[in-house]
file target.cif (mmCIF, N, CA and C atoms)
data_run
#
loop_
_atom_site.group_PDB
_atom_site.id
_atom_site.type_symbol
_atom_site.label_atom_id
_atom_site.label_comp_id
_atom_site.auth_asym_id
_atom_site.auth_seq_id
_atom_site.Cartn_x
_atom_site.Cartn_y
_atom_site.Cartn_z
ATOM 1 N N MET A 1 14.258 35.626 67.842
ATOM 2 C CA MET A 1 14.028 36.001 69.229
ATOM 3 C C MET A 1 15.021 35.233 70.115
ATOM 4 N N PRO A 2 15.803 35.922 70.950
ATOM 5 C CA PRO A 2 16.777 35.252 71.798
ATOM 6 C C PRO A 2 16.097 34.437 72.896
ATOM 7 N N ARG A 3 16.754 33.372 73.300
ATOM 8 C CA ARG A 3 16.221 32.509 74.348
ATOM 9 C C ARG A 3 16.600 33.090 75.711
ATOM 10 N N LEU A 4 15.607 33.271 76.561
ATOM 11 C CA LEU A 4 15.858 33.825 77.890
ATOM 12 C C LEU A 4 16.388 32.740 78.816
ATOM 13 N N LYS A 5 17.356 33.094 79.652
ATOM 14 C CA LYS A 5 17.895 32.150 80.621
ATOM 15 C C LYS A 5 17.281 32.370 81.991
ATOM 16 N N LEU A 6 16.170 33.099 82.020
ATOM 17 C CA LEU A 6 15.455 33.370 83.262
ATOM 18 C C LEU A 6 14.198 32.521 83.319
ATOM 19 N N ARG A 7 13.829 32.094 84.507
ATOM 20 C CA ARG A 7 12.639 31.275 84.709
ATOM 21 C C ARG A 7 11.786 31.896 85.808
ATOM 22 N N LYS A 8 10.520 31.495 85.831
ATOM 23 C CA LYS A 8 9.607 31.936 86.877
ATOM 24 C C LYS A 8 10.146 31.468 88.233
ATOM 25 N N LYS A 9 9.999 32.287 89.259
ATOM 26 C CA LYS A 9 10.438 32.047 90.638
ATOM 27 C C LYS A 9 11.951 32.167 90.828
ATOM 28 N N ASP A 10 12.693 32.594 89.791
ATOM 29 C CA ASP A 10 14.116 32.885 89.954
ATOM 30 C C ASP A 10 14.277 34.176 90.745
ATOM 31 N N LYS A 11 15.352 34.272 91.512
ATOM 32 C CA LYS A 11 15.662 35.505 92.221
ATOM 33 C C LYS A 11 16.563 36.335 91.303
ATOM 34 N N VAL A 12 16.180 37.594 91.070
ATOM 35 C CA VAL A 12 16.949 38.461 90.187
ATOM 36 C C VAL A 12 17.247 39.793 90.877
ATOM 37 N N MET A 13 18.300 40.460 90.385
ATOM 38 C CA MET A 13 18.669 41.781 90.876
ATOM 39 C C MET A 13 18.568 42.763 89.722
ATOM 40 N N VAL A 14 17.986 43.938 90.000
ATOM 41 C CA VAL A 14 17.876 44.982 88.977
ATOM 42 C C VAL A 14 19.224 45.676 88.871
ATOM 43 N N ILE A 15 19.764 45.788 87.635
ATOM 44 C CA ILE A 15 21.084 46.377 87.441
ATOM 45 C C ILE A 15 21.031 47.740 86.762
ATOM 46 N N ALA A 16 19.838 48.203 86.367
ATOM 47 C CA ALA A 16 19.706 49.506 85.720
ATOM 48 C C ALA A 16 18.323 50.073 85.998
ATOM 49 N N GLY A 17 18.228 51.400 86.015
ATOM 50 C CA GLY A 17 16.942 52.052 86.203
ATOM 51 C C GLY A 17 16.740 52.564 87.608
ATOM 52 N N LYS A 18 15.522 52.991 87.895
ATOM 53 C CA LYS A 18 15.223 53.625 89.184
ATOM 54 C C LYS A 18 15.303 52.658 90.363
ATOM 55 N N ASP A 19 15.150 51.363 90.127
ATOM 56 C CA ASP A 19 15.202 50.366 91.198
ATOM 57 C C ASP A 19 16.521 49.604 91.226
ATOM 58 N N LYS A 20 17.588 50.220 90.723
ATOM 59 C CA LYS A 20 18.898 49.568 90.648
ATOM 60 C C LYS A 20 19.345 49.085 92.027
ATOM 61 N N GLY A 21 19.778 47.812 92.091
ATOM 62 C CA GLY A 21 20.250 47.232 93.341
ATOM 63 C C GLY A 21 19.203 46.446 94.101
ATOM 64 N N ARG A 22 17.925 46.574 93.748
ATOM 65 C CA ARG A 22 16.867 45.846 94.448
ATOM 66 C C ARG A 22 16.744 44.433 93.891
ATOM 67 N N THR A 23 16.358 43.495 94.743
ATOM 68 C CA THR A 23 16.175 42.116 94.321
ATOM 69 C C THR A 23 14.721 41.714 94.492
ATOM 70 N N GLY A 24 14.314 40.714 93.734
ATOM 71 C CA GLY A 24 12.951 40.210 93.827
ATOM 72 C C GLY A 24 12.815 38.908 93.064
ATOM 73 N N GLU A 25 11.642 38.332 93.169
ATOM 74 C CA GLU A 25 11.354 37.053 92.511
ATOM 75 C C GLU A 25 10.551 37.303 91.246
ATOM 76 N N ILE A 26 10.853 36.544 90.200
ATOM 77 C CA ILE A 26 10.139 36.700 88.940
ATOM 78 C C ILE A 26 8.728 36.130 89.088
ATOM 79 N N LEU A 27 7.727 36.962 88.792
ATOM 80 C CA LEU A 27 6.330 36.541 88.881
ATOM 81 C C LEU A 27 5.806 36.055 87.536
ATOM 82 N N LYS A 28 6.205 36.742 86.446
ATOM 83 C CA LYS A 28 5.710 36.395 85.124
ATOM 84 C C LYS A 28 6.738 36.799 84.086
ATOM 85 N N ILE A 29 6.787 36.056 82.983
ATOM 86 C CA ILE A 29 7.715 36.341 81.896
ATOM 87 C C ILE A 29 6.924 36.577 80.619
ATOM 88 N N TYR A 30 7.301 37.623 79.893
ATOM 89 C CA TYR A 30 6.712 37.934 78.592
ATOM 90 C C TYR A 30 7.800 37.762 77.533
ATOM 91 N N PRO A 31 8.024 36.541 77.016
ATOM 92 C CA PRO A 31 9.155 36.298 76.107
ATOM 93 C C PRO A 31 9.042 37.023 74.773
ATOM 94 N N GLU A 32 7.819 37.254 74.292
ATOM 95 C CA GLU A 32 7.660 37.916 72.994
ATOM 96 C C GLU A 32 8.057 39.393 73.071
ATOM 97 N N ARG A 33 7.957 40.001 74.258
ATOM 98 C CA ARG A 33 8.335 41.403 74.449
ATOM 99 C C ARG A 33 9.665 41.552 75.171
ATOM 100 N N LEU A 34 10.298 40.424 75.563
ATOM 101 C CA LEU A 34 11.562 40.397 76.311
ATOM 102 C C LEU A 34 11.463 41.163 77.627
ATOM 103 N N ARG A 35 10.319 41.031 78.302
ATOM 104 C CA ARG A 35 10.103 41.712 79.567
ATOM 105 C C ARG A 35 9.726 40.710 80.644
ATOM 106 N N ILE A 36 10.018 41.066 81.897
ATOM 107 C CA ILE A 36 9.671 40.211 83.026
ATOM 108 C C ILE A 36 9.014 41.054 84.109
ATOM 109 N N LEU A 37 8.183 40.398 84.916
ATOM 110 C CA LEU A 37 7.501 41.042 86.033
ATOM 111 C C LEU A 37 8.164 40.550 87.316
ATOM 112 N N VAL A 38 8.757 41.473 88.074
ATOM 113 C CA VAL A 38 9.478 41.129 89.294
ATOM 114 C C VAL A 38 8.684 41.649 90.492
ATOM 115 N N GLY A 39 8.524 40.823 91.498
ATOM 116 C CA GLY A 39 7.749 41.203 92.677
ATOM 117 C C GLY A 39 8.373 42.348 93.452
ATOM 118 N N LYS A 40 7.559 43.346 93.822
ATOM 119 C CA LYS A 40 7.943 44.508 94.626
ATOM 120 C C LYS A 40 9.025 45.368 93.975
ATOM 121 N N VAL A 41 9.156 45.299 92.643
ATOM 122 C CA VAL A 41 10.125 46.111 91.916
ATOM 123 C C VAL A 41 9.391 46.814 90.780
ATOM 124 N N ASN A 42 9.794 48.047 90.464
ATOM 125 C CA ASN A 42 9.193 48.857 89.412
ATOM 126 C C ASN A 42 7.704 49.080 89.682
ATOM 127 N N MET A 43 7.402 49.551 90.901
ATOM 128 C CA MET A 43 6.017 49.791 91.307
ATOM 129 C C MET A 43 5.493 51.053 90.627
ATOM 130 N N VAL A 44 4.286 50.958 90.073
ATOM 131 C CA VAL A 44 3.622 52.094 89.434
ATOM 132 C C VAL A 44 2.236 52.242 90.055
ATOM 133 N N THR A 45 1.655 53.431 89.919
ATOM 134 C CA THR A 45 0.318 53.700 90.443
ATOM 135 C C THR A 45 -0.676 53.665 89.290
ATOM 136 N N LYS A 46 -1.711 52.838 89.409
ATOM 137 C CA LYS A 46 -2.751 52.720 88.390
ATOM 138 C C LYS A 46 -4.036 53.324 88.938
ATOM 139 N N HIS A 47 -4.739 54.063 88.093
ATOM 140 C CA HIS A 47 -6.054 54.590 88.448
ATOM 141 C C HIS A 47 -7.085 53.549 88.027
ATOM 142 N N ARG A 48 -7.850 53.032 88.973
ATOM 143 C CA ARG A 48 -8.836 51.985 88.696
ATOM 144 C C ARG A 48 -10.251 52.529 88.821
ATOM 145 N N LYS A 49 -11.109 52.143 87.880
ATOM 146 C CA LYS A 49 -12.530 52.497 87.977
ATOM 147 C C LYS A 49 -13.205 51.539 88.948
ATOM 148 N N PRO A 50 -14.232 51.998 89.637
ATOM 149 C CA PRO A 50 -14.930 51.087 90.542
ATOM 150 C C PRO A 50 -15.727 50.035 89.766
ATOM 151 N N THR A 51 -15.772 48.841 90.305
ATOM 152 C CA THR A 51 -16.594 47.770 89.736
ATOM 153 C C THR A 51 -17.628 47.375 90.784
ATOM 154 N N GLN A 52 -18.432 46.369 90.471
ATOM 155 C CA GLN A 52 -19.448 45.943 91.431
ATOM 156 C C GLN A 52 -18.830 45.281 92.653
ATOM 157 N N THR A 53 -17.643 44.716 92.504
ATOM 158 C CA THR A 53 -17.008 44.007 93.618
ATOM 159 C C THR A 53 -15.923 44.825 94.311
ATOM 160 N N GLU A 54 -15.240 45.727 93.579
ATOM 161 C CA GLU A 54 -14.131 46.474 94.166
ATOM 162 C C GLU A 54 -14.360 47.978 94.028
ATOM 163 N N PRO A 55 -13.936 48.739 95.048
ATOM 164 C CA PRO A 55 -14.028 50.197 94.920
ATOM 165 C C PRO A 55 -12.922 50.725 93.996
ATOM 166 N N GLY A 56 -13.138 51.876 93.418
ATOM 167 C CA GLY A 56 -12.132 52.476 92.555
ATOM 168 C C GLY A 56 -11.066 53.191 93.369
ATOM 169 N N GLY A 57 -10.136 53.802 92.693
ATOM 170 C CA GLY A 57 -9.097 54.567 93.372
ATOM 171 C C GLY A 57 -7.724 54.255 92.822
ATOM 172 N N LEU A 58 -6.695 54.660 93.563
ATOM 173 C CA LEU A 58 -5.323 54.427 93.162
ATOM 174 C C LEU A 58 -4.869 53.066 93.667
ATOM 175 N N GLN A 59 -4.188 52.332 92.799
ATOM 176 C CA GLN A 59 -3.715 51.005 93.165
ATOM 177 C C GLN A 59 -2.253 50.874 92.755
ATOM 178 N N LYS A 60 -1.403 50.450 93.684
ATOM 179 C CA LYS A 60 0.012 50.219 93.390
ATOM 180 C C LYS A 60 0.168 48.812 92.823
ATOM 181 N N MET A 61 0.947 48.702 91.738
ATOM 182 C CA MET A 61 1.181 47.388 91.140
ATOM 183 C C MET A 61 2.538 47.378 90.450
ATOM 184 N N GLU A 62 3.054 46.178 90.186
ATOM 185 C CA GLU A 62 4.337 46.036 89.503
ATOM 186 C C GLU A 62 4.151 46.222 88.004
ATOM 187 N N ALA A 63 5.156 46.796 87.357
ATOM 188 C CA ALA A 63 5.163 46.932 85.906
ATOM 189 C C ALA A 63 6.318 46.092 85.369
ATOM 190 N N PRO A 64 6.189 45.557 84.149
ATOM 191 C CA PRO A 64 7.274 44.739 83.588
ATOM 192 C C PRO A 64 8.547 45.547 83.328
ATOM 193 N N ILE A 65 9.698 44.880 83.459
ATOM 194 C CA ILE A 65 11.004 45.484 83.179
ATOM 195 C C ILE A 65 11.639 44.702 82.034
ATOM 196 N N HIS A 66 12.469 45.356 81.258
ATOM 197 C CA HIS A 66 13.167 44.665 80.177
ATOM 198 C C HIS A 66 14.167 43.689 80.786
ATOM 199 N N CYS A 67 14.305 42.514 80.157
ATOM 200 C CA CYS A 67 15.147 41.459 80.720
ATOM 201 C C CYS A 67 16.627 41.838 80.760
ATOM 202 N N SER A 68 17.048 42.816 79.947
ATOM 203 C CA SER A 68 18.452 43.232 79.972
ATOM 204 C C SER A 68 18.782 44.059 81.212
ATOM 205 N N ASN A 69 17.761 44.522 81.933
ATOM 206 C CA ASN A 69 17.977 45.337 83.119
ATOM 207 C C ASN A 69 17.998 44.526 84.411
ATOM 208 N N VAL A 70 17.941 43.201 84.309
ATOM 209 C CA VAL A 70 18.013 42.353 85.494
ATOM 210 C C VAL A 70 19.092 41.301 85.306
ATOM 211 N N MET A 71 19.586 40.793 86.446
ATOM 212 C CA MET A 71 20.610 39.764 86.420
ATOM 213 C C MET A 71 20.231 38.675 87.409
ATOM 214 N N LEU A 72 20.413 37.434 87.017
ATOM 215 C CA LEU A 72 20.095 36.288 87.857
ATOM 216 C C LEU A 72 20.993 36.262 89.085
ATOM 217 N N VAL A 73 20.419 35.970 90.266
ATOM 218 C CA VAL A 73 21.193 35.864 91.503
ATOM 219 C C VAL A 73 21.419 34.385 91.794
ATOM 220 N N CYS A 74 22.688 34.021 91.963
ATOM 221 C CA CYS A 74 23.040 32.621 92.243
ATOM 222 C C CYS A 74 22.550 32.238 93.638
ATOM 223 N N PRO A 75 21.878 31.092 93.789
ATOM 224 C CA PRO A 75 21.391 30.697 95.118
ATOM 225 C C PRO A 75 22.510 30.335 96.098
ATOM 226 N N LYS A 76 23.676 29.939 95.585
ATOM 227 C CA LYS A 76 24.772 29.536 96.473
ATOM 228 C C LYS A 76 25.611 30.731 96.923
ATOM 229 N N CYS A 77 26.137 31.508 95.962
ATOM 230 C CA CYS A 77 27.030 32.616 96.337
ATOM 231 C C CYS A 77 26.284 33.924 96.565
ATOM 232 N N GLU A 78 24.956 33.975 96.289
ATOM 233 C CA GLU A 78 24.107 35.143 96.537
ATOM 234 C C GLU A 78 24.593 36.404 95.820
ATOM 235 N N LYS A 79 25.251 36.227 94.672
ATOM 236 C CA LYS A 79 25.720 37.362 93.880
ATOM 237 C C LYS A 79 25.090 37.315 92.499
ATOM 238 N N PRO A 80 24.868 38.481 91.884
ATOM 239 C CA PRO A 80 24.317 38.467 90.520
ATOM 240 C C PRO A 80 25.318 37.889 89.534
ATOM 241 N N THR A 81 24.832 37.076 88.612
ATOM 242 C CA THR A 81 25.706 36.419 87.654
ATOM 243 C C THR A 81 24.985 36.199 86.343
ATOM 244 N N ARG A 82 25.758 36.055 85.275
ATOM 245 C CA ARG A 82 25.176 35.643 84.007
ATOM 246 C C ARG A 82 25.166 34.123 84.009
ATOM 247 N N ALA A 83 24.048 33.553 83.694
ATOM 248 C CA ALA A 83 23.944 32.092 83.691
ATOM 249 C C ALA A 83 24.505 31.552 82.387
ATOM 250 N N LYS A 84 25.189 30.416 82.479
ATOM 251 C CA LYS A 84 25.618 29.731 81.266
ATOM 252 C C LYS A 84 24.912 28.390 81.223
ATOM 253 N N VAL A 85 24.659 27.917 80.029
ATOM 254 C CA VAL A 85 23.949 26.660 79.855
ATOM 255 C C VAL A 85 24.973 25.569 79.590
ATOM 256 N N GLU A 86 24.956 24.527 80.423
ATOM 257 C CA GLU A 86 25.876 23.400 80.270
ATOM 258 C C GLU A 86 25.090 22.151 79.938
ATOM 259 N N LYS A 87 25.716 21.272 79.203
ATOM 260 C CA LYS A 87 25.095 19.995 78.855
ATOM 261 C C LYS A 87 25.688 18.920 79.749
ATOM 262 N N LEU A 88 24.846 18.225 80.486
ATOM 263 C CA LEU A 88 25.291 17.139 81.356
ATOM 264 C C LEU A 88 25.559 15.887 80.526
ATOM 265 N N PRO A 89 26.303 14.920 81.071
ATOM 266 C CA PRO A 89 26.545 13.669 80.329
ATOM 267 C C PRO A 89 25.265 12.920 79.954
ATOM 268 N N THR A 90 24.182 13.181 80.695
ATOM 269 C CA THR A 90 22.908 12.532 80.394
ATOM 270 C C THR A 90 22.202 13.196 79.213
ATOM 271 N N GLY A 91 22.741 14.352 78.763
ATOM 272 C CA GLY A 91 22.131 15.080 77.667
ATOM 273 C C GLY A 91 21.219 16.191 78.120
ATOM 274 N N GLU A 92 21.043 16.329 79.425
ATOM 275 C CA GLU A 92 20.159 17.347 79.975
ATOM 276 C C GLU A 92 20.879 18.699 80.001
ATOM 277 N N LEU A 93 20.157 19.784 79.706
ATOM 278 C CA LEU A 93 20.715 21.130 79.758
ATOM 279 C C LEU A 93 20.396 21.758 81.103
ATOM 280 N N VAL A 94 21.412 22.313 81.773
ATOM 281 C CA VAL A 94 21.211 22.986 83.053
ATOM 282 C C VAL A 94 21.896 24.342 83.025
ATOM 283 N N ARG A 95 21.340 25.288 83.792
ATOM 284 C CA ARG A 95 21.973 26.596 83.939
ATOM 285 C C ARG A 95 22.969 26.517 85.092
ATOM 286 N N SER A 96 24.093 27.215 84.959
ATOM 287 C CA SER A 96 25.063 27.221 86.043
ATOM 288 C C SER A 96 25.636 28.617 86.225
ATOM 289 N N CYS A 97 26.142 28.873 87.417
ATOM 290 C CA CYS A 97 26.704 30.167 87.784
ATOM 291 C C CYS A 97 28.101 30.292 87.197
ATOM 292 N N ARG A 98 28.398 31.445 86.615
ATOM 293 C CA ARG A 98 29.741 31.666 86.058
ATOM 294 C C ARG A 98 30.757 31.957 87.156
ATOM 295 N N ARG A 99 30.323 32.372 88.339
ATOM 296 C CA ARG A 99 31.233 32.695 89.434
ATOM 297 C C ARG A 99 31.678 31.450 90.186
ATOM 298 N N CYS A 100 30.693 30.641 90.659
ATOM 299 C CA CYS A 100 31.034 29.499 91.513
ATOM 300 C C CYS A 100 30.839 28.151 90.824
ATOM 301 N N GLY A 101 30.172 28.128 89.669
ATOM 302 C CA GLY A 101 29.975 26.873 88.935
ATOM 303 C C GLY A 101 28.800 26.038 89.423
ATOM 304 N N GLU A 102 28.055 26.529 90.407
ATOM 305 C CA GLU A 102 26.912 25.788 90.965
ATOM 306 C C GLU A 102 25.764 25.726 89.950
ATOM 307 N N HIS A 103 25.082 24.595 89.892
ATOM 308 C CA HIS A 103 23.920 24.457 89.005
ATOM 309 C C HIS A 103 22.735 25.214 89.575
ATOM 310 N N ILE A 104 22.039 25.936 88.712
ATOM 311 C CA ILE A 104 20.858 26.696 89.117
ATOM 312 C C ILE A 104 19.636 25.962 88.590
ATOM 313 N N LEU A 105 18.801 25.490 89.492
ATOM 314 C CA LEU A 105 17.631 24.711 89.097
ATOM 315 C C LEU A 105 16.403 25.577 88.982
#

call {"tool": "encode", "arguments": {"input": "target.cif", "output": "C-alpha cells"}}
result
Amino acid sequence: MPRLKLRKKDKVMVIAGKDKGRTGEILKIYPERLRILVGKVNMVTKHRKPTQTEPGGLQKMEAPIHCSNVMLVCPKCEKPTRAKVEKLPTGELVRSCRRCGEHIL
C-alpha cells in the first residue's frame, strides 16, 4: 500500500472528475481504500429514513474521492503541487513544495 502524502486539514484541489478545479479541506482519510473526504466537494444526495431524533428526507453530504484525483495546494504559492518528502539535518521528515521549496506542515 503506497504512503499518502496528504494529511487531515490540508488544502487540496480536485484535478479530475465533475468537481475539477474546486478546492477544499481534507476532512477524513481512508488509507486502506486510498480515498479522502474533502469538504464541500463531490456532494451527493442521500435518502435518509426518519429516526426518533431526526426527520427523514433527502440529505446532501460529501462522498470520498480517490487520492489520485486531488493535488495538495501549497500554503505559500497557493498553487497545486506534488509534495516531496525531505529529511532535515535533525532526522525529521517534512513535506515540501516542488514549485517554491517551502515546507508544508

call {"tool": "residues_around", "arguments": {"input": "target.cif", "residues": "Thr45 in chain A", "least_positions_apart": "4", "cutoff": "6 Å", "atoms": "all atoms listed in the file", "output": "tab-separated table (two decimals) with N, CA and C atoms, in the frame of the given file"}}
result
chain	number	residue	atom	x	y	z
A	59	GLN	N	-4.19	52.33	92.80
A	59	GLN	CA	-3.72	51.00	93.16
A	59	GLN	C	-2.25	50.87	92.76
A	60	LYS	N	-1.40	50.45	93.68
A	60	LYS	CA	0.01	50.22	93.39
A	60	LYS	C	0.17	48.81	92.82
A	61	MET	N	0.95	48.70	91.74
A	61	MET	CA	1.18	47.39	91.14
A	61	MET	C	2.54	47.38	90.45

call {"tool": "residues_around", "arguments": {"input": "target.cif", "residues": "Arg95 in chain A", "least_positions_apart": "6", "cutoff": "6 Å", "atoms": "only N, CA and C atoms", "output": "ChimeraX atom specification"}}
result
/A:83-86,102-104

call {"tool": "write_last_selection", "arguments": {"input": "target.cif", "atoms": "N, CA and C atoms", "output": "PDB file, keeping the file's coordinate frame"}}
result
ATOM      1  N   ALA A  83      24.048  33.553  83.694  1.00  0.00           N
ATOM      2  CA  ALA A  83      23.944  32.092  83.691  1.00  0.00           C
ATOM      3  C   ALA A  83      24.505  31.552  82.387  1.00  0.00           C
ATOM      4  N   LYS A  84      25.189  30.416  82.479  1.00  0.00           N
ATOM      5  CA  LYS A  84      25.618  29.731  81.266  1.00  0.00           C
ATOM      6  C   LYS A  84      24.912  28.390  81.223  1.00  0.00           C
ATOM      7  N   VAL A  85      24.659  27.917  80.029  1.00  0.00           N
ATOM      8  CA  VAL A  85      23.949  26.660  79.855  1.00  0.00           C
ATOM      9  C   VAL A  85      24.973  25.569  79.590  1.00  0.00           C
ATOM     10  N   GLU A  86      24.956  24.527  80.423  1.00  0.00           N
ATOM     11  CA  GLU A  86      25.876  23.400  80.270  1.00  0.00           C
ATOM     12  C   GLU A  86      25.090  22.151  79.938  1.00  0.00           C
ATOM     13  N   GLU A 102      28.055  26.529  90.407  1.00  0.00           N
ATOM     14  CA  GLU A 102      26.912  25.788  90.965  1.00  0.00           C
ATOM     15  C   GLU A 102      25.764  25.726  89.950  1.00  0.00           C
ATOM     16  N   HIS A 103      25.082  24.595  89.892  1.00  0.00           N
ATOM     17  CA  HIS A 103      23.920  24.457  89.005  1.00  0.00           C
ATOM     18  C   HIS A 103      22.735  25.214  89.575  1.00  0.00           C
ATOM     19  N   ILE A 104      22.039  25.936  88.712  1.00  0.00           N
ATOM     20  CA  ILE A 104      20.858  26.696  89.117  1.00  0.00           C
ATOM     21  C   ILE A 104      19.636  25.962  88.590  1.00  0.00           C
TER      22      ILE A 104
END

call {"tool": "resolve_selection", "arguments": {"input": "target.cif", "expression": "the PyMOL selection byres ((chain A and resi 64-70) around 6.5)", "output": "NGL selection string"}}
result
:A and (12-16 or 34-38 or 62-63 or 71-72)

call {"tool": "axis_aligned_box", "arguments": {"input": "target.cif", "around": "range 11-19 of chain A", "padding_each_side": "4 Å", "output": "AutoDock Vina command-line options"}}
result
--center_x 18.1 --center_y 43.9 --center_z 89.0 --size_x 13.9 --size_y 27.4 --size_z 14.5

call {"tool": "closest_residue", "arguments": {"input": "target.cif", "among": "A:Lys46, A:Cys100, A:Lys87, A:Lys11", "to": "Thr23 in chain A", "atoms": "all atoms listed in the file"}}
result
A:Lys11

call {"tool": "residues_near_point", "arguments": {"input": "target.cif", "point": "(-6.7, 54.8, 92.3)", "cutoff": "5 Å", "atoms": "only N, CA and C atoms", "output": "ChimeraX atom specification"}}
result
/A:46-48,56-59

call {"tool": "closest_residue", "arguments": {"input": "target.cif", "among": "A:Arg98, A:Lys40, A:Leu105, A:Glu92", "to": "Pro80 in chain A", "atoms": "all atoms listed in the file"}}
result
A:Arg98

call {"tool": "atom_distance", "arguments": {"input": "target.cif", "atom1": "CA of Gly24 in chain A", "atom2": "CA of Cys97 in chain A"}}
result
18.1 Å

call {"tool": "atom_distance", "arguments": {"input": "target.cif", "atom1": "CA of Val41 in chain A", "atom2": "CA of Lys9 in chain A"}}
result
14.1 Å

call {"tool": "select_by_dssp", "arguments": {"input": "target.cif", "residues": "range 43-81 of chain A", "states": "strand (DSSP E or B)", "output": "PyMOL selection string"}}
result
chain A and resi 43-48+57-62+65-66+70-73+80-81

call {"tool": "closest_residue", "arguments": {"input": "target.cif", "among": "A:Arg7, A:Leu88, A:Glu32, A:Asn42", "to": "Asp19 in chain A", "atoms": "only N, CA and C atoms"}}
result
A:Asn42

call {"tool": "atom_distance", "arguments": {"input": "target.cif", "atom1": "atom C of Leu6 in chain A", "atom2": "atom C of Arg33 in chain A"}}
result
13.0 Å

call {"tool": "closest_residue", "arguments": {"input": "target.cif", "among": "A:Ser96, A:Met43, A:Lys8, A:Thr53", "to": "Ile26 in chain A", "atoms": "only N, CA and C atoms"}}
result
A:Lys8

call {"tool": "closest_residue", "arguments": {"input": "target.cif", "among": "A:Gln52, A:Lys79, A:Val44, A:Lys5", "to": "Gly21 in chain A", "atoms": "only C-alpha atoms"}}
result
A:Lys79

call {"tool": "closest_residue", "arguments": {"input": "target.cif", "among": "A:Asp10, A:Glu78, A:Glu54, A:Glu25", "to": "Gly39 in chain A", "atoms": "only N, CA and C atoms"}}
result
A:Glu25
